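Encoded as structure tokens, the structure appears first; notes follow it.
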Amino acid sequence: MRLQPESAVAAHNLAAALGDMGDAAAAAEYARSSLTKGGDAPETWLVLARALTALSSLDEAQAALDQALARRPAYVDALRDLSQLIWMRTGDAVRACAPLEQAIAAAPSNAALHALRSAVLLDIAGPQAAYHALEPGFIAGLSGIASAAAAAAAEIDPALALRHAEEAARQAPTDVRAANTLCAAQIAAGRAAEALPRLDSIIAARPLDQYALALRTVAWRLLGDPRALSATDYKRLCRPFQIGLEAGTLECVAAGLDLLHPFAAQPLGQSIRSGVQAALDPRHAGNPDIDAVFDALETPISRYIADMAGHDDPMSQRAGLGHEIIGAWSVRLTAGGRHSDHIHPEGWVSSALYITTPQVDASDPRAGWLRFGAVRLGVGFELPAEHWIEPRPGVVALFPSWMWHGTEPFRSAGTRMTIAFDVQPR
């Protein structure tokens with residue numbers, strides 16, 4: 001930008017970089033600058049839309065997504081963001097899928113659009129609807145929808161999911177996502193011994209593949225492998241820390257976070273069930289109390305990473321390189337809300353910082369607790385939790401991003417408000 005101040009491309013690139021870094025206000029400023037300098041790429045409209053969404057300027061964000069799609073009607077990333085925004089604002093599955101239906105009607109042979117519609121429906125309408133949505137693609141013989149079919153079929157029939165996963169791996173033999181999908185389907189179908197060598201190969205080539213690492217822990221557990229996680233491993237790797245804050249700060253943080261939750265439903269592809277989520281900028285949240293929380297987190301994060309050094313496991317091998325928070329968000333759950341069991345594929349160390357917690361339920365003492373080791377890979381395949389951390393205001397739980405984790409559902413009164421974040425080595 002300094003060298004070419006009138007360049008629309010330079011302004012777009014800076015906006016995209018700032019957006020990736022979490023500086024939504026600056027990203028919106030430079031995206032608009034690119035447009036005023038003659039840039040009109042759908043990618044610029046998407047960058048602007050994402051920045052506006054992060055700023056809670058939701059009407060403007062939706063209008064920017066419409067502009068991106070006016071320029072490229074089959075733009076998968078913009079379609080996903082538009083469907084997600086409509087869903088999060090309204091909780092209406094039909095309205096959320098309307099842009100996808102329109103795009104598929106205009107380009108019925110576009111396999112990526114069929115796969116996207118199925119993925120969206122899997123989140124908001126269930127597996128039967130997601131699988132049924134792929135039937136036109138099956139009839140047309142479209143290549144590239146097998147992974148989506150495997151994901152939907154996992155909640156219908158493990159054998160059917162495995163057939164689709166095998167087809168996805170055959171169609172894309174070098175695609176790591178397809179390989180991981182096949183491993184998950186093999187494990188769910190009772191064939192962990194077949195999945196383990198493939199997982200070892202994936203991890204040898206991609207040592208930081210968090211999903212492959214997570215699946216391998218499942219295979220080890222099922223096969224009785226001595227490398228399976230023990231109670232000692234869980235206690236060392238999954239740790240609670242009390243953060244140091246001035247009296248009254250958490251109450252102010254809770255009030256500030258409430259203002260950042262404009263949505264009616266959870267985002268797509270996330271673990272939240274019956275709750276809402278909002279992005280946070282860990283470098284400058286725009287609220288002094290929330291900023292104080294991120295400052296206070298530095299001590300427990302540093303201590304946790306230092307304590308990991310010297311151990312021979314995928315998380316500990318990267319300790320000692322420094323660290324930074326690469327993304328943060330707030331989640332608000334009320335009675336009936338929970339997190340399904342999942343991992344964080346882009347993280348190294350993950351977290352849950354408790355701001356408010358619901359009332360204790362004497363009939364269910366672990367209601368709302370953070371749990372580890374529970375795994376669901378589809379209908380008929382579930383492993384129980386092996387370790388828990390009690391949520392208490394001002395406590396942050398830190399754990400490896402490849403660790404399966406979720407929450408026990410709760411029915412009691414009150415709100416479960418958390419700040420979560422992922423950490424990576426510098």
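Residues in the structure tokens are named by chain (A, B, ... in the order shown) and by number from 1 within that chain; ligands are numbered from 1 in the order shown.
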Can you list, as a compact mmCIF listing (two decimals) with N, CA and C atoms, in the first residue's frame, all residues belonging to range 289-332 of chain A that DSSP tags as alpha helix (DSSP H)?
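Result file part09.txt:
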```
# COMPACT_ATOMS: atom_id res chain seq x y z
N ASP A 289 -12.37 -4.70 30.22
CA ASP A 289 -12.46 -5.86 31.11
C ASP A 289 -12.12 -7.15 30.36
N ILE A 290 -12.60 -7.28 29.11
CA ILE A 290 -12.26 -8.46 28.32
C ILE A 290 -10.78 -8.44 27.99
N ASP A 291 -10.23 -7.25 27.69
CA ASP A 291 -8.79 -7.14 27.45
C ASP A 291 -8.01 -7.60 28.67
N ALA A 292 -8.49 -7.26 29.88
CA ALA A 292 -7.80 -7.67 31.11
C ALA A 292 -7.80 -9.19 31.25
N VAL A 293 -8.87 -9.85 30.78
CA VAL A 293 -8.91 -11.30 30.82
C VAL A 293 -7.80 -11.89 29.96
N PHE A 294 -7.64 -11.38 28.75
CA PHE A 294 -6.60 -11.92 27.87
C PHE A 294 -5.21 -11.66 28.45
N ASP A 295 -5.03 -10.52 29.11
CA ASP A 295 -3.74 -10.27 29.77
C ASP A 295 -3.51 -11.30 30.88
N ALA A 296 -4.56 -11.60 31.65
CA ALA A 296 -4.42 -12.53 32.77
C ALA A 296 -4.19 -13.95 32.31
N LEU A 297 -4.59 -14.29 31.07
CA LEU A 297 -4.42 -15.64 30.57
C LEU A 297 -2.97 -15.99 30.26
N GLU A 298 -2.14 -14.97 30.10
CA GLU A 298 -0.76 -15.23 29.70
C GLU A 298 -0.03 -16.11 30.72
N THR A 299 -0.28 -15.89 32.00
CA THR A 299 0.43 -16.66 33.03
C THR A 299 0.06 -18.15 32.99
N PRO A 300 -1.22 -18.52 33.02
CA PRO A 300 -1.53 -19.96 32.97
C PRO A 300 -1.11 -20.62 31.66
N ILE A 301 -1.22 -19.91 30.54
CA ILE A 301 -0.79 -20.50 29.26
C ILE A 301 0.70 -20.81 29.30
N SER A 302 1.48 -19.83 29.76
CA SER A 302 2.94 -20.02 29.83
C SER A 302 3.30 -21.16 30.78
N ARG A 303 2.60 -21.22 31.90
CA ARG A 303 2.89 -22.29 32.88
C ARG A 303 2.53 -23.65 32.30
N TYR A 304 1.38 -23.74 31.65
CA TYR A 304 0.95 -25.02 31.07
C TYR A 304 1.96 -25.51 30.04
N ILE A 305 2.37 -24.62 29.14
CA ILE A 305 3.31 -25.03 28.09
C ILE A 305 4.65 -25.41 28.69
N ALA A 306 5.11 -24.66 29.68
CA ALA A 306 6.39 -24.97 30.32
C ALA A 306 6.34 -26.34 30.98
N ASP A 307 5.21 -26.66 31.59
CA ASP A 307 5.08 -27.96 32.26
C ASP A 307 5.02 -29.12 31.27
N MET A 308 4.67 -28.83 30.02
CA MET A 308 4.60 -29.89 29.01
C MET A 308 5.98 -30.26 28.47
```
Which residues, written as an mmCIF file with N, CA and C atoms, in the first residue's frame, have at least one atom at most 8 Å from Ala41 in chain A, with only C-alpha atoms counted and residues fewer than 2 positions away on the same chain left out?
```cif
data_model
loop_
_atom_site.group_PDB
_atom_site.id
_atom_site.type_symbol
_atom_site.label_atom_id
_atom_site.label_comp_id
_atom_site.auth_asym_id
_atom_site.auth_seq_id
_atom_site.Cartn_x
_atom_site.Cartn_y
_atom_site.Cartn_z
ATOM 1 N N GLY A 39 -11.653 -1.762 -7.542
ATOM 2 C CA GLY A 39 -11.741 -3.206 -7.335
ATOM 3 C C GLY A 39 -13.198 -3.638 -7.216
ATOM 4 N N GLU A 43 -14.085 -11.742 -4.295
ATOM 5 C CA GLU A 43 -13.276 -12.001 -3.110
ATOM 6 C C GLU A 43 -13.228 -10.778 -2.189
ATOM 7 N N THR A 44 -13.197 -9.571 -2.775
ATOM 8 C CA THR A 44 -13.166 -8.359 -1.947
ATOM 9 C C THR A 44 -14.482 -8.172 -1.204
ATOM 10 N N TRP A 45 -15.585 -8.442 -1.883
ATOM 11 C CA TRP A 45 -16.886 -8.358 -1.223
ATOM 12 C C TRP A 45 -16.985 -9.379 -0.089
ATOM 13 N N ALA A 68 -21.136 -10.233 -3.623
ATOM 14 C CA ALA A 68 -20.148 -11.244 -4.051
ATOM 15 C C ALA A 68 -20.805 -12.271 -4.965
ATOM 16 N N ARG A 71 -21.650 -11.338 -8.550
ATOM 17 C CA ARG A 71 -20.498 -11.373 -9.444
ATOM 18 C C ARG A 71 -20.033 -12.803 -9.741
#
```
Of the listed residues A:Arg80, A:His261, A:Cys97, A:Leu85, that which approaches Ala63 in chain A most closely, counting only C-alpha atoms: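 Closest to Ala63 in chain A of all the choices is A:Leu85.
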Sort by chain and increasing residue number a table of all residues of range 229-324 of chain A within 10 Å of range 114-125 of chain A, each with its closest pair of atoms and their distance in Å to one decimal, counting only C-alpha atoms, and write it as CSV.
```
residue,atom,partner,partner_atom,distance
A:Ala265,CA,A:Ile124,CA,9.7
A:Gln266,CA,A:Ile124,CA,9.4
A:Pro267,CA,A:Asp123,CA,9.0
A:Leu268,CA,A:Asp123,CA,6.3
A:Gly269,CA,A:Asp123,CA,6.6
A:Gln270,CA,A:Asp123,CA,8.6
A:Ser271,CA,A:Asp123,CA,9.8
A:Arg273,CA,A:Asp123,CA,9.8
```
The selected residues should be written to file as an mmCIF file, in the first residue's frame (atoms: N, CA and C atoms).
```
data_model
loop_
_atom_site.group_PDB
_atom_site.id
_atom_site.type_symbol
_atom_site.label_atom_id
_atom_site.label_comp_id
_atom_site.auth_asym_id
_atom_site.auth_seq_id
_atom_site.Cartn_x
_atom_site.Cartn_y
_atom_site.Cartn_z
ATOM 1 N N ALA A 265 -28.897 -18.469 16.543
ATOM 2 C CA ALA A 265 -28.524 -19.884 16.396
ATOM 3 C C ALA A 265 -27.012 -19.993 16.274
ATOM 4 N N GLN A 266 -26.511 -21.217 16.437
ATOM 5 C CA GLN A 266 -25.085 -21.477 16.418
ATOM 6 C C GLN A 266 -24.536 -21.431 14.990
ATOM 7 N N PRO A 267 -23.218 -21.189 14.838
ATOM 8 C CA PRO A 267 -22.607 -21.231 13.509
ATOM 9 C C PRO A 267 -22.559 -22.650 12.968
ATOM 10 N N LEU A 268 -22.339 -22.747 11.656
ATOM 11 C CA LEU A 268 -22.250 -24.049 11.010
ATOM 12 C C LEU A 268 -20.913 -24.711 11.308
ATOM 13 N N GLY A 269 -20.936 -26.033 11.344
ATOM 14 C CA GLY A 269 -19.696 -26.789 11.470
ATOM 15 C C GLY A 269 -19.018 -26.665 12.809
ATOM 16 N N GLN A 270 -19.739 -26.237 13.834
ATOM 17 C CA GLN A 270 -19.175 -26.077 15.160
ATOM 18 C C GLN A 270 -19.804 -27.086 16.118
ATOM 19 N N SER A 271 -19.263 -27.137 17.327
ATOM 20 C CA SER A 271 -19.712 -28.138 18.295
ATOM 21 C C SER A 271 -20.928 -27.703 19.089
ATOM 22 N N ARG A 273 -24.483 -26.855 20.494
ATOM 23 C CA ARG A 273 -25.858 -27.292 20.337
ATOM 24 C C ARG A 273 -26.713 -26.454 21.279
#
```
So that I can check the surroundings of Ala17 in chain A, please list as a PyMOL selection string every protein, DNA and RNA residue that reaches within 10 Å of it, counting only C-alpha atoms and ignoring chain neighbours fewer than 5 positions away. chain A and resi 11-12+22-23+26-27+47
With only C-alpha atoms as the basis for distance, which of A:Pro262, A:Pro42, A:Pro314, A:Gly327 is at the shortest distance from Leu280 in chain A?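 Selected residue with least distance to Leu280 in chain A: A:Gly327.
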For range 376-389 of chain A, list every protein, DNA or RNA residue within 8 Å, evaluated using only C-alpha atoms, and leave out those in the same chain fewer than 6 positions away; present the list as a CSV table (one decimal) with C-alpha atoms, in the first residue's frame.
```
chain,number,residue,atom,x,y,z
A,154,ALA,CA,-22.3,-41.7,9.3
A,155,GLU,CA,-25.4,-40.9,11.3
A,156,ILE,CA,-27.6,-43.3,9.3
A,157,ASP,CA,-25.6,-46.5,8.5
A,158,PRO,CA,-21.9,-47.1,9.3
A,184,ALA,CA,-13.0,-42.4,10.8
A,185,ALA,CA,-15.5,-44.6,8.9
A,188,ALA,CA,-16.9,-46.5,13.3
A,231,ALA,CA,-5.7,-41.5,33.7
A,234,TYR,CA,-5.4,-37.0,31.1
A,235,LYS,CA,-4.5,-35.4,34.5
A,239,ARG,CA,-5.5,-28.9,33.5
A,240,PRO,CA,-7.5,-26.2,35.2
A,341,ASP,CA,-17.5,-34.0,21.4
A,369,TRP,CA,-18.8,-30.1,33.1
A,370,LEU,CA,-16.1,-30.2,30.5
A,397,ALA,CA,-9.1,-25.3,31.3
```
Got a sec: who's within 12 Å of Arg170 in chain A, counting only C-alpha atoms, leaving out chain neighbours fewer than 4 positions off, as a list in words?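 With the cut-off at 12 Å, the set is Ser143, Gly144, Ala146, Ser147, Arg163, His164, Ala165, Glu166, Thr174, Asp175, Val176, Ala178, Ala179, Thr181 and Leu182 of chain A.
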Identify all residues of range 223-361 of chain A in strand (DSSP E) (DSSP on the backbone) and supply them as a ChimeraX atom specification. /A:239-242,272-280,324-339,349-356
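Checking A:Val349, A:Leu134, A:Ala168, A:Ile272 one by one against Ile104 in chain A, counting only C-alpha atoms, you find the shortest gap at A:Leu134.
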What's around Asn287 in chain A at 10 Å? Count only C-alpha atoms, leave out sequence neighbours fewer than 5 positions away in its own chain, and write the answer as a PyMOL selection string. chain A and resi 252-253+256-257+292
Please compute the CA of Ser201 in chain A-CA of Leu223 in chain A distance, one decimal, in Å.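 Pair CA of Ser201 in chain A / CA of Leu223 in chain A returns 17.8 Å.
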Check which residues of range 270-298 of chain A sit at most 10 Å from range 51-57 of chain A using only C-alpha atoms, and return one row each with the closest pair of atoms and their distance in Å to one decimal, ordered by chain and rising number, as CSV.
```
residue,atom,partner,partner_atom,distance
A:Ala278,CA,A:Ala54,CA,7.9
A:Ala279,CA,A:Ala54,CA,6.4
A:Leu280,CA,A:Ala54,CA,8.2
A:Asp281,CA,A:Ala54,CA,9.4
```
Would you mind exporting C-alpha atoms of the selected residues as an mmCIF file, in the first residue's frame?
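Final output, saved to result.cif:
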```
data_model
loop_
_atom_site.group_PDB
_atom_site.id
_atom_site.type_symbol
_atom_site.label_atom_id
_atom_site.label_comp_id
_atom_site.auth_asym_id
_atom_site.auth_seq_id
_atom_site.Cartn_x
_atom_site.Cartn_y
_atom_site.Cartn_z
ATOM 1 C CA ALA A 278 -19.312 -14.699 18.783
ATOM 2 C CA ALA A 279 -15.765 -13.988 17.617
ATOM 3 C CA LEU A 280 -13.291 -12.070 19.793
ATOM 4 C CA ASP A 281 -10.035 -10.308 18.963
#
```
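The interatomic distance for the pair CA of Pro393 in chain A and CA of Gly286 in chain A works out to 21.6 Å.
Nearest residue to Leu222 in chain A, choosing from A:Leu353, A:Arg191, A:Ala413, A:Ile86 and counting only C-alpha atoms: A:Arg191.
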